[in-house]
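Printed here is query_23.json (JSON, C-alpha atoms):
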```json
[["chain", "number", "residue", "atom", "x", "y", "z"],
["A", 1, "MET", "CA", 201.06, 60.30, 59.68],
["A", 2, "THR", "CA", 203.78, 62.81, 58.88],
["A", 3, "ILE", "CA", 204.09, 61.37, 55.40],
["A", 4, "LEU", "CA", 200.38, 61.75, 54.66],
["A", 5, "LEU", "CA", 200.27, 65.30, 56.00],
["A", 6, "GLY", "CA", 203.34, 66.16, 53.96],
["A", 7, "LEU", "CA", 201.68, 64.80, 50.84],
["A", 8, "LEU", "CA", 198.55, 66.80, 51.53],
["A", 9, "LEU", "CA", 200.55, 70.00, 51.96],
["A", 10, "LEU", "CA", 202.65, 69.26, 48.89],
["A", 11, "ALA", "CA", 199.51, 68.81, 46.81],
["A", 12, "ALA", "CA", 198.15, 72.09, 48.14],
["A", 13, "VAL", "CA", 201.19, 74.22, 47.37],
["A", 14, "SER", "CA", 202.41, 72.69, 44.12],
["A", 15, "ALA", "CA", 202.82, 75.31, 41.41],
["A", 16, "PRO", "CA", 204.16, 73.83, 38.17],
["A", 17, "ASP", "CA", 204.49, 77.03, 36.19],
["A", 18, "GLY", "CA", 206.46, 80.10, 37.23],
["A", 19, "ARG", "CA", 204.91, 82.56, 34.79],
["A", 20, "PRO", "CA", 203.35, 85.65, 36.40],
["A", 21, "LEU", "CA", 199.58, 85.80, 36.74],
["A", 22, "ARG", "CA", 197.41, 88.64, 35.63],
["A", 23, "THR", "CA", 195.14, 89.86, 38.39],
["A", 24, "ALA", "CA", 192.30, 92.28, 38.89],
["A", 25, "HIS", "CA", 194.98, 94.93, 39.45],
["A", 26, "SER", "CA", 196.86, 94.22, 36.23],
["A", 27, "ALA", "CA", 193.53, 94.15, 34.40],
["A", 28, "GLY", "CA", 192.90, 97.68, 35.62],
["A", 29, "GLU", "CA", 189.88, 96.84, 37.80],
["A", 30, "ALA", "CA", 191.08, 97.09, 41.40],
["A", 31, "ASP", "CA", 194.20, 97.15, 43.53],
["A", 32, "ALA", "CA", 194.98, 93.53, 44.36],
["A", 33, "GLY", "CA", 197.80, 93.43, 46.87],
["A", 34, "TYR", "CA", 199.36, 90.25, 45.48],
["A", 35, "SER", "CA", 199.13, 88.46, 42.18],
["A", 36, "ARG", "CA", 199.56, 84.98, 43.66],
["A", 37, "TRP", "CA", 198.30, 83.29, 46.78],
["A", 38, "GLU", "CA", 201.81, 82.03, 47.62],
["A", 39, "ARG", "CA", 203.13, 85.59, 47.89],
["A", 40, "ALA", "CA", 200.18, 86.67, 50.02],
["A", 41, "PHE", "CA", 200.66, 83.66, 52.28],
["A", 42, "VAL", "CA", 204.32, 84.50, 52.87],
["A", 43, "ALA", "CA", 203.41, 88.13, 53.54],
["A", 44, "SER", "CA", 200.76, 87.05, 56.05],
["A", 45, "ALA", "CA", 203.45, 85.59, 58.31],
["A", 46, "ASP", "CA", 204.23, 89.12, 59.52],
["A", 47, "ASP", "CA", 200.73, 89.48, 60.98],
["A", 48, "PRO", "CA", 198.69, 86.26, 60.65],
["A", 49, "ASP", "CA", 195.49, 87.82, 61.96],
["A", 50, "ALA", "CA", 195.50, 90.92, 59.75],
["A", 51, "PRO", "CA", 192.56, 91.42, 57.38],
["A", 52, "PRO", "CA", 193.24, 91.57, 53.66],
["A", 53, "PRO", "CA", 193.26, 94.96, 51.92],
["A", 54, "GLY", "CA", 189.78, 96.48, 51.83],
["A", 55, "ALA", "CA", 188.30, 94.35, 54.61],
["A", 56, "ASP", "CA", 187.13, 94.93, 58.18],
["A", 57, "ASP", "CA", 186.24, 98.61, 58.08],
["A", 58, "TRP", "CA", 183.87, 98.38, 61.01],
["A", 59, "SER", "CA", 182.51, 101.85, 60.30],
["A", 60, "CYS", "CA", 181.37, 100.82, 56.80],
["A", 61, "GLU", "CA", 177.67, 101.41, 56.14],
["A", 62, "PRO", "CA", 176.09, 99.32, 53.37],
["A", 63, "GLY", "CA", 174.50, 101.42, 50.64],
["A", 64, "ALA", "CA", 171.29, 100.97, 48.70],
["A", 65, "ARG", "CA", 173.07, 99.33, 45.76],
["A", 66, "HIS", "CA", 174.85, 96.75, 47.93],
["A", 67, "PRO", "CA", 172.79, 96.49, 51.12],
["A", 68, "ARG", "CA", 174.37, 93.23, 52.29],
["A", 69, "PRO", "CA", 177.92, 93.09, 53.65],
["A", 70, "VAL", "CA", 180.15, 90.41, 52.14],
["A", 71, "VAL", "CA", 181.81, 88.03, 54.58],
["A", 72, "LEU", "CA", 184.84, 86.19, 53.18],
["A", 73, "VAL", "CA", 185.58, 82.73, 54.60],
["A", 74, "HIS", "CA", 189.07, 81.30, 54.08],
["A", 75, "GLY", "CA", 189.97, 77.68, 53.44],
["A", 76, "THR", "CA", 192.00, 75.00, 55.18],
["A", 77, "TYR", "CA", 195.63, 75.89, 55.99],
["A", 78, "GLU", "CA", 194.98, 79.43, 54.77],
["A", 79, "ASN", "CA", 194.16, 82.70, 56.51],
["A", 80, "ALA", "CA", 192.06, 85.72, 55.62],
["A", 81, "TYR", "CA", 194.99, 87.74, 54.29],
["A", 82, "SER", "CA", 196.49, 85.00, 52.13],
["A", 83, "ASN", "CA", 193.14, 83.87, 50.75],
["A", 84, "TRP", "CA", 191.55, 87.21, 49.96],
["A", 85, "SER", "CA", 194.22, 89.75, 49.03],
["A", 86, "ALA", "CA", 192.83, 89.88, 45.49],
["A", 87, "LEU", "CA", 189.06, 89.62, 45.99],
["A", 88, "SER", "CA", 188.69, 91.81, 49.07],
["A", 89, "PRO", "CA", 190.03, 95.07, 47.59],
["A", 90, "ARG", "CA", 188.14, 94.38, 44.39],
["A", 91, "LEU", "CA", 184.81, 94.07, 46.19],
["A", 92, "ARG", "CA", 185.54, 97.13, 48.32],
["A", 93, "ALA", "CA", 186.21, 99.12, 45.14],
["A", 94, "GLU", "CA", 182.86, 97.90, 43.81],
["A", 95, "GLY", "CA", 181.13, 99.45, 46.80],
["A", 96, "TYR", "CA", 180.65, 96.54, 49.19],
["A", 97, "CYS", "CA", 181.31, 96.49, 52.91],
["A", 98, "VAL", "CA", 183.76, 93.60, 53.15],
["A", 99, "PHE", "CA", 184.71, 91.56, 56.21],
["A", 100, "ALA", "CA", 187.12, 88.64, 56.50],
["A", 101, "GLY", "CA", 187.49, 86.60, 59.67],
["A", 102, "ASN", "CA", 190.05, 84.00, 60.71],
["A", 103, "PHE", "CA", 188.75, 80.65, 61.86],
["A", 104, "GLY", "CA", 189.93, 77.30, 63.12],
["A", 105, "ALA", "CA", 193.24, 78.20, 64.80],
["A", 106, "PRO", "CA", 194.57, 80.30, 67.68],
["A", 107, "ARG", "CA", 195.52, 83.92, 67.13],
["A", 108, "GLY", "CA", 199.08, 84.21, 65.88],
["A", 109, "ASP", "CA", 198.99, 80.98, 63.84],
["A", 110, "VAL", "CA", 199.65, 81.52, 60.15],
["A", 111, "VAL", "CA", 198.07, 78.22, 59.15],
["A", 112, "LYS", "CA", 194.39, 78.43, 60.05],
["A", 113, "GLY", "CA", 191.27, 76.46, 59.18],
["A", 114, "ARG", "CA", 192.53, 73.36, 61.01],
["A", 115, "ALA", "CA", 189.93, 72.91, 63.74],
["A", 116, "ALA", "CA", 186.91, 70.62, 63.59],
["A", 117, "VAL", "CA", 184.35, 72.07, 61.18],
["A", 118, "PRO", "CA", 181.54, 72.32, 63.80],
["A", 119, "ARG", "CA", 183.86, 74.34, 66.03],
["A", 120, "SER", "CA", 184.82, 76.70, 63.20],
["A", 121, "ALA", "CA", 181.13, 77.05, 62.32],
["A", 122, "VAL", "CA", 180.50, 78.50, 65.78],
["A", 123, "GLU", "CA", 183.34, 80.98, 65.22],
["A", 124, "LEU", "CA", 181.84, 81.93, 61.85],
["A", 125, "ALA", "CA", 178.43, 82.42, 63.50],
["A", 126, "ARG", "CA", 179.91, 84.85, 66.01],
["A", 127, "PHE", "CA", 181.72, 86.77, 63.28],
["A", 128, "VAL", "CA", 178.58, 87.11, 61.15],
["A", 129, "ASP", "CA", 176.60, 88.28, 64.18],
["A", 130, "ARG", "CA", 179.24, 90.93, 64.81],
["A", 131, "VAL", "CA", 179.08, 92.11, 61.19],
["A", 132, "LEU", "CA", 175.29, 92.35, 61.31],
["A", 133, "ALA", "CA", 175.34, 94.20, 64.61],
["A", 134, "ARG", "CA", 177.97, 96.72, 63.53],
["A", 135, "THR", "CA", 176.58, 97.41, 60.04],
["A", 136, "GLY", "CA", 172.89, 97.27, 60.87],
["A", 137, "ALA", "CA", 172.33, 94.96, 57.89],
["A", 138, "ARG", "CA", 169.66, 92.27, 58.00],
["A", 139, "GLN", "CA", 171.65, 89.67, 56.04],
["A", 140, "VAL", "CA", 175.12, 89.03, 54.66],
["A", 141, "ASP", "CA", 176.44, 87.30, 51.56],
["A", 142, "LEU", "CA", 179.13, 84.68, 52.16],
["A", 143, "VAL", "CA", 181.98, 84.09, 49.72],
["A", 144, "GLY", "CA", 184.31, 81.26, 50.63],
["A", 145, "HIS", "CA", 187.11, 79.12, 49.27],
["A", 146, "SER", "CA", 187.53, 75.37, 49.69],
["A", 147, "GLN", "CA", 186.42, 74.47, 53.25],
["A", 148, "GLY", "CA", 185.29, 78.08, 53.60],
["A", 149, "GLY", "CA", 183.10, 77.86, 50.50],
["A", 150, "GLY", "CA", 181.54, 74.50, 51.23],
["A", 151, "ILE", "CA", 181.37, 72.37, 54.34],
["A", 152, "LEU", "CA", 182.06, 75.17, 56.85],
["A", 153, "PRO", "CA", 179.44, 77.74, 55.77],
["A", 154, "ARG", "CA", 176.93, 74.99, 54.98],
["A", 155, "TYR", "CA", 177.37, 73.62, 58.50],
["A", 156, "TYR", "CA", 176.86, 77.13, 59.86],
["A", 157, "LEU", "CA", 173.70, 77.55, 57.81],
["A", 158, "LYS", "CA", 172.23, 74.23, 58.88],
["A", 159, "PHE", "CA", 173.39, 73.74, 62.47],
["A", 160, "ALA", "CA", 174.92, 76.94, 63.89],
["A", 161, "GLY", "CA", 172.21, 79.54, 63.47],
["A", 162, "GLY", "CA", 172.76, 80.86, 59.96],
["A", 163, "THR", "CA", 169.18, 80.10, 58.90],
["A", 164, "GLU", "CA", 165.67, 79.80, 60.33],
["A", 165, "PRO", "CA", 164.13, 76.90, 58.35],
["A", 166, "GLY", "CA", 160.67, 77.64, 59.72],
["A", 167, "ASP", "CA", 160.91, 81.32, 58.81],
["A", 168, "PRO", "CA", 163.47, 81.91, 56.03],
["A", 169, "ALA", "CA", 162.82, 85.65, 56.18],
["A", 170, "ARG", "CA", 164.89, 85.59, 59.38],
["A", 171, "ASN", "CA", 167.90, 83.94, 57.73],
["A", 172, "LYS", "CA", 171.18, 85.72, 58.42],
["A", 173, "VAL", "CA", 172.59, 84.73, 55.01],
["A", 174, "HIS", "CA", 171.16, 85.60, 51.60],
["A", 175, "HIS", "CA", 173.73, 84.02, 49.25],
["A", 176, "LEU", "CA", 176.58, 81.51, 49.62],
["A", 177, "ILE", "CA", 179.17, 81.62, 46.84],
["A", 178, "GLY", "CA", 181.73, 78.82, 46.99],
["A", 179, "ILE", "CA", 185.01, 78.98, 45.07],
["A", 180, "ALA", "CA", 186.37, 75.45, 44.60],
["A", 181, "PRO", "CA", 184.12, 74.47, 47.51],
["A", 182, "ALA", "CA", 184.65, 71.36, 49.62],
["A", 183, "ASN", "CA", 181.00, 70.35, 49.63],
["A", 184, "HIS", "CA", 180.78, 66.56, 49.70],
["A", 185, "GLY", "CA", 184.18, 65.37, 50.79],
["A", 186, "SER", "CA", 187.40, 64.82, 48.86],
["A", 187, "THR", "CA", 189.94, 62.14, 48.11],
["A", 188, "VAL", "CA", 192.63, 64.85, 47.68],
["A", 189, "SER", "CA", 193.63, 63.16, 44.43],
["A", 190, "GLY", "CA", 193.43, 59.83, 46.22],
["A", 191, "LEU", "CA", 195.63, 60.73, 49.20],
["A", 192, "ALA", "CA", 192.79, 60.73, 51.73],
["A", 193, "THR", "CA", 191.52, 57.40, 50.44],
["A", 194, "LEU", "CA", 195.02, 55.98, 50.74],
["A", 195, "GLY", "CA", 195.36, 57.36, 54.26],
["A", 196, "ARG", "CA", 192.11, 55.74, 55.35],
["A", 197, "ARG", "CA", 193.14, 52.39, 53.91],
["A", 198, "LEU", "CA", 196.48, 52.61, 55.69],
["A", 199, "HIS", "CA", 194.70, 53.56, 58.93],
["A", 200, "ILE", "CA", 196.73, 56.75, 59.26],
["A", 201, "LEU", "CA", 194.07, 59.32, 58.43],
["A", 202, "ALA", "CA", 192.95, 59.76, 62.04],
["A", 203, "PRO", "CA", 196.52, 60.24, 63.36],
["A", 204, "ALA", "CA", 197.19, 62.66, 60.51],
["A", 205, "ALA", "CA", 194.09, 64.62, 61.45],
["A", 206, "GLU", "CA", 195.23, 64.71, 65.08],
["A", 207, "PHE", "CA", 198.58, 66.11, 63.95],
["A", 208, "GLY", "CA", 197.37, 68.43, 61.20],
["A", 209, "GLY", "CA", 193.91, 69.35, 62.42],
["A", 210, "GLN", "CA", 190.48, 67.71, 62.53],
["A", 211, "ALA", "CA", 189.37, 69.72, 59.50],
["A", 212, "LEU", "CA", 191.36, 67.31, 57.33],
["A", 213, "ALA", "CA", 189.32, 64.29, 58.40],
["A", 214, "ASP", "CA", 186.05, 66.24, 58.39],
["A", 215, "GLN", "CA", 186.48, 67.01, 54.69],
["A", 216, "THR", "CA", 187.08, 63.46, 53.49],
["A", 217, "ILE", "CA", 184.37, 61.55, 51.66],
["A", 218, "GLY", "CA", 182.07, 59.78, 54.08],
["A", 219, "SER", "CA", 183.25, 61.60, 57.21],
["A", 220, "PRO", "CA", 180.69, 61.82, 60.06],
["A", 221, "VAL", "CA", 180.49, 65.59, 59.52],
["A", 222, "ASN", "CA", 179.79, 65.19, 55.80],
["A", 223, "ARG", "CA", 177.20, 62.47, 56.42],
["A", 224, "ARG", "CA", 175.35, 64.63, 58.93],
["A", 225, "LEU", "CA", 175.54, 67.71, 56.74],
["A", 226, "ASP", "CA", 174.34, 65.98, 53.56],
["A", 227, "ALA", "CA", 171.43, 64.21, 55.21],
["A", 228, "GLY", "CA", 168.25, 65.90, 54.01],
["A", 229, "GLY", "CA", 169.83, 67.63, 51.03],
["A", 230, "ASP", "CA", 172.38, 70.27, 50.12],
["A", 231, "THR", "CA", 170.43, 73.50, 50.54],
["A", 232, "MET", "CA", 168.50, 75.45, 53.15],
["A", 233, "PRO", "CA", 165.25, 77.36, 52.50],
["A", 234, "GLY", "CA", 165.69, 80.99, 51.55],
["A", 235, "VAL", "CA", 169.40, 80.83, 50.72],
["A", 236, "ARG", "CA", 170.81, 81.25, 47.22],
["A", 237, "TYR", "CA", 173.81, 79.07, 46.32],
["A", 238, "THR", "CA", 176.51, 79.46, 43.66],
["A", 239, "THR", "CA", 179.51, 77.23, 43.09],
["A", 240, "VAL", "CA", 182.51, 78.23, 40.95],
["A", 241, "VAL", "CA", 184.38, 75.05, 40.08],
["A", 242, "THR", "CA", 187.50, 74.33, 38.02],
["A", 243, "ARG", "CA", 187.99, 70.99, 36.35],
["A", 244, "ARG", "CA", 191.71, 71.34, 37.10],
["A", 245, "ASP", "CA", 191.18, 71.07, 40.84],
["A", 246, "ARG", "CA", 193.59, 68.52, 42.34],
["A", 247, "ILE", "CA", 192.69, 69.08, 45.98],
["A", 248, "VAL", "CA", 188.89, 68.74, 46.19],
["A", 249, "THR", "CA", 188.55, 65.64, 44.06],
["A", 250, "PRO", "CA", 186.69, 64.41, 42.14],
["A", 251, "TYR", "CA", 185.82, 67.99, 41.21],
["A", 252, "GLU", "CA", 182.20, 67.01, 40.51],
["A", 253, "ARG", "CA", 181.69, 66.61, 44.27],
["A", 254, "GLN", "CA", 181.87, 70.39, 44.58],
["A", 255, "TYR", "CA", 178.50, 70.91, 42.89],
["A", 256, "LEU", "CA", 175.29, 71.37, 44.89],
["A", 257, "SER", "CA", 171.79, 70.09, 44.22],
["A", 258, "PRO", "CA", 168.57, 71.77, 45.37],
["A", 259, "ALA", "CA", 167.03, 70.03, 48.37],
["A", 260, "ARG", "CA", 163.59, 71.30, 47.35],
["A", 261, "SER", "CA", 162.06, 72.29, 44.06],
["A", 262, "GLY", "CA", 162.77, 75.95, 43.49],
["A", 263, "ASP", "CA", 165.80, 76.26, 45.75],
["A", 264, "PRO", "CA", 168.12, 78.60, 43.76],
["A", 265, "VAL", "CA", 171.37, 76.79, 42.93],
["A", 266, "THR", "CA", 173.81, 77.79, 40.18],
["A", 267, "ASN", "CA", 176.79, 75.54, 39.46],
["A", 268, "ILE", "CA", 179.41, 77.23, 37.27],
["A", 269, "THR", "CA", 182.33, 75.35, 35.73],
["A", 270, "VAL", "CA", 185.08, 77.81, 34.88],
["A", 271, "GLN", "CA", 186.12, 75.93, 31.73],
["A", 272, "ASP", "CA", 182.54, 76.09, 30.41],
["A", 273, "VAL", "CA", 182.94, 79.87, 30.45],
["A", 274, "CYS", "CA", 186.58, 80.03, 29.36],
["A", 275, "PRO", "CA", 187.73, 76.66, 27.95],
["A", 276, "GLY", "CA", 191.41, 77.61, 28.12],
["A", 277, "ASN", "CA", 191.37, 78.60, 31.78],
["A", 278, "ARG", "CA", 193.94, 76.62, 33.76],
["A", 279, "ALA", "CA", 193.35, 77.78, 37.33],
["A", 280, "GLY", "CA", 193.62, 75.07, 39.94],
["A", 281, "HIS", "CA", 192.36, 74.83, 43.50],
["A", 282, "MET", "CA", 194.70, 77.15, 45.37],
["A", 283, "GLY", "CA", 194.95, 79.73, 42.60],
["A", 284, "SER", "CA", 191.21, 80.11, 42.04],
["A", 285, "PRO", "CA", 190.71, 83.08, 44.43],
["A", 286, "TYR", "CA", 193.40, 84.95, 42.44],
["A", 287, "ASP", "CA", 192.13, 84.02, 38.99],
["A", 288, "PRO", "CA", 190.67, 87.01, 37.07],
["A", 289, "VAL", "CA", 187.95, 84.89, 35.48],
["A", 290, "VAL", "CA", 186.88, 83.50, 38.86],
["A", 291, "LEU", "CA", 186.89, 86.99, 40.38],
["A", 292, "ARG", "CA", 184.61, 88.25, 37.62],
["A", 293, "LEU", "CA", 182.24, 85.28, 38.13],
["A", 294, "VAL", "CA", 182.04, 86.07, 41.84],
["A", 295, "SER", "CA", 181.27, 89.74, 41.15],
["A", 296, "ASN", "CA", 178.60, 88.65, 38.67],
["A", 297, "ALA", "CA", 177.00, 86.34, 41.22],
["A", 298, "LEU", "CA", 176.94, 89.03, 43.90],
["A", 299, "ASP", "CA", 175.37, 91.61, 41.57],
["A", 300, "PRO", "CA", 173.74, 90.10, 38.46],
["A", 301, "THR", "CA", 172.52, 93.55, 37.38],
["A", 302, "ALA", "CA", 176.14, 94.56, 36.74],
["A", 303, "ALA", "CA", 177.29, 91.22, 35.35],
["A", 304, "ARG", "CA", 179.57, 91.04, 32.35],
["A", 305, "ARG", "CA", 181.29, 88.17, 30.64],
["A", 306, "PRO", "CA", 184.82, 87.42, 31.88],
["A", 307, "ASP", "CA", 187.71, 88.18, 29.57],
["A", 308, "CYS", "CA", 189.04, 84.73, 28.75],
["A", 309, "ALA", "CA", 192.31, 86.30, 27.60],
["A", 310, "ASP", "CA", 193.03, 86.76, 31.30],
["A", 311, "ALA", "CA", 193.38, 82.99, 31.76],
["A", 312, "PRO", "CA", 196.48, 82.43, 33.92],
["A", 313, "ALA", "CA", 198.97, 79.63, 34.00],
["A", 314, "GLU", "CA", 197.89, 76.59, 35.95],
["A", 315, "ARG", "CA", 198.04, 76.97, 39.71],
["A", 316, "GLY", "CA", 197.47, 73.88, 41.87]]
```
How does the structure come out when it is put into structure tokens?
Amino acid sequence: MTILLGLLLLAAVSAPDGRPLRTAHSAGEADAGYSRWERAFVASADDPDAPPPGADDWSCEPGARHPRPVVLVHGTYENAYSNWSALSPRLRAEGYCVFAGNFGAPRGDVVKGRAAVPRSAVELARFVDRVLARTGARQVDLVGHSQGGGILPRYYLKFAGGTEPGDPARNKVHHLIGIAPANHGSTVSGLATLGRRLHILAPAAEFGGQALADQTIGSPVNRRLDAGGDTMPGVRYTTVVTRRDRIVTPYERQYLSPARSGDPVTNITVQDVCPGNRAGHMGSPYDPVVLRLVSNALDPTAARRPDCADAPAERG
């Protein structure tokens, strides 16, 4: 089991190119605390439960231009600070009230997002309720990465109180934007499939966290979540997917399909926008093109085409 977990972690942190990345800060748009997720992750060890720059101002009052707070949802083996040190300050500079919780691990743990997805969905539900209560907003927009952009928020929407299917006007979420989202299970470039065949996936999940097993193709959580379709009434969905993803594989499993005619779903492939973009799974939340696509999705009235010259070196 240790071998499989080690392979999973190695796949997640591999970074084949040491060239510096341009970020929203270097592009002159906002102050991003770190240019790479690896640096932010190391920095988060000093205070694993700290919010990223720009987030968790509980006195923030949403304005007329951006009436919905943005709740950022981190991925597996990440934390709010390491995942969102680029996007959070950018969105705050754009005028949003931004909040970023930590889920799926005890306070003080640097590596979060390990718990069973249904359990983390309850934690997310409590966090969203707190944001709504403190800001007075009627709904939030969710932006998540990996687990936090796919299976976790979708489970919250469907089973943990995020929506009211019989009365969508009472939904607590307006828009879910998933960056490299784990929506329909992953082989992790074949590692999860290998682990299942070797009968070591369950022990690896026990050692490394149930979230690992929950995100594999065909897991009980995925089967329950996908039954009846991908979307919930009244929620808008956007996926931002890179073909160079080596963690949530095959990458096509990240896309969503409307469960009903008219359900608003937009699937964006980064390389269809910028063919030379080389961002991978872990680097996506720090990629300037991805950040621009997220801003565009949150506020289409202010959308502008990403600068493809900002394409960074490949990040795993």
Inset, instruction - Could you please determine the separation between atom CA of Thr216 of chain A and atom CA of Gln147 of chain A in Å, to one decimal place? - result: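 That distance, rounded to one decimal, is 11.0 Å.
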Inset, instruction - Could you please determine the separation between atom CA of Leu291 of chain A and atom CA of Leu87 of chain A in Å, to one decimal place? - result: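 So the answer is 6.6 Å.
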Legend entry - d(atom CA of Ala45 of chain A, atom CA of Ser284 of chain A) in Å: 21.1 Å
Legend entry - Pick from A:Ala259, A:Val240, A:Val265, A:Ala297, whichever lies nearest to Ala279 of chain A using all atoms listed in the file: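 Using all atoms listed in the file, the shortest distance to Ala279 of chain A belongs to A:Val240.
Taking all atoms listed in the file into account, Pro118 of chain A lies nearest to A:Gly161 out of the set A:Pro264, A:Gly101, A:Pro275, A:Gly161.
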Report as JSON the centre and the edge lengths, in Å to one decimal, of the axis-aligned box holding every listed atom of segment 163-180 of chain A, padded by 5 Å on each side.
```
{"center_x": 173.5, "center_y": 80.6, "center_z": 52.5, "size_x": 35.7, "size_y": 20.3, "size_z": 25.7}
```
Legend entry - Residue nearest His145 of chain A among A:His74, A:Arg236, A:Arg253, A:His184 (counting all atoms listed in the file):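 Residue with the minimum atom-to-atom distance to His145 of chain A: A:His74.
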Legend entry - Residues within 9 Å of Leu225 of chain A, all atoms listed in the file, excluding chain neighbours under 2 positions, as number ranges by chain: A: 151, 154-155, 158-159, 184, 220-223, 227-230
Requested write-out: C-alpha atoms of the selected residues, as an mmCIF file, in the coordinates of the input:
```cif
data_model
loop_
_atom_site.group_PDB
_atom_site.id
_atom_site.type_symbol
_atom_site.label_atom_id
_atom_site.label_comp_id
_atom_site.auth_asym_id
_atom_site.auth_seq_id
_atom_site.Cartn_x
_atom_site.Cartn_y
_atom_site.Cartn_z
ATOM 1 C CA ILE A 151 181.370 72.370 54.340
ATOM 2 C CA ARG A 154 176.930 74.990 54.980
ATOM 3 C CA TYR A 155 177.370 73.620 58.500
ATOM 4 C CA LYS A 158 172.230 74.230 58.880
ATOM 5 C CA PHE A 159 173.390 73.740 62.470
ATOM 6 C CA HIS A 184 180.780 66.560 49.700
ATOM 7 C CA PRO A 220 180.690 61.820 60.060
ATOM 8 C CA VAL A 221 180.490 65.590 59.520
ATOM 9 C CA ASN A 222 179.790 65.190 55.800
ATOM 10 C CA ARG A 223 177.200 62.470 56.420
ATOM 11 C CA ALA A 227 171.430 64.210 55.210
ATOM 12 C CA GLY A 228 168.250 65.900 54.010
ATOM 13 C CA GLY A 229 169.830 67.630 51.030
ATOM 14 C CA ASP A 230 172.380 70.270 50.120
#
```
Inset, instruction - Please identify all polymer residues within 7 Å of Pro62 of chain A, counting all atoms listed in the file, omitting same-chain residues fewer than 4 positions from it, and present them as a PyMOL selection string. - result: chain A and resi 66-69+96-97+135
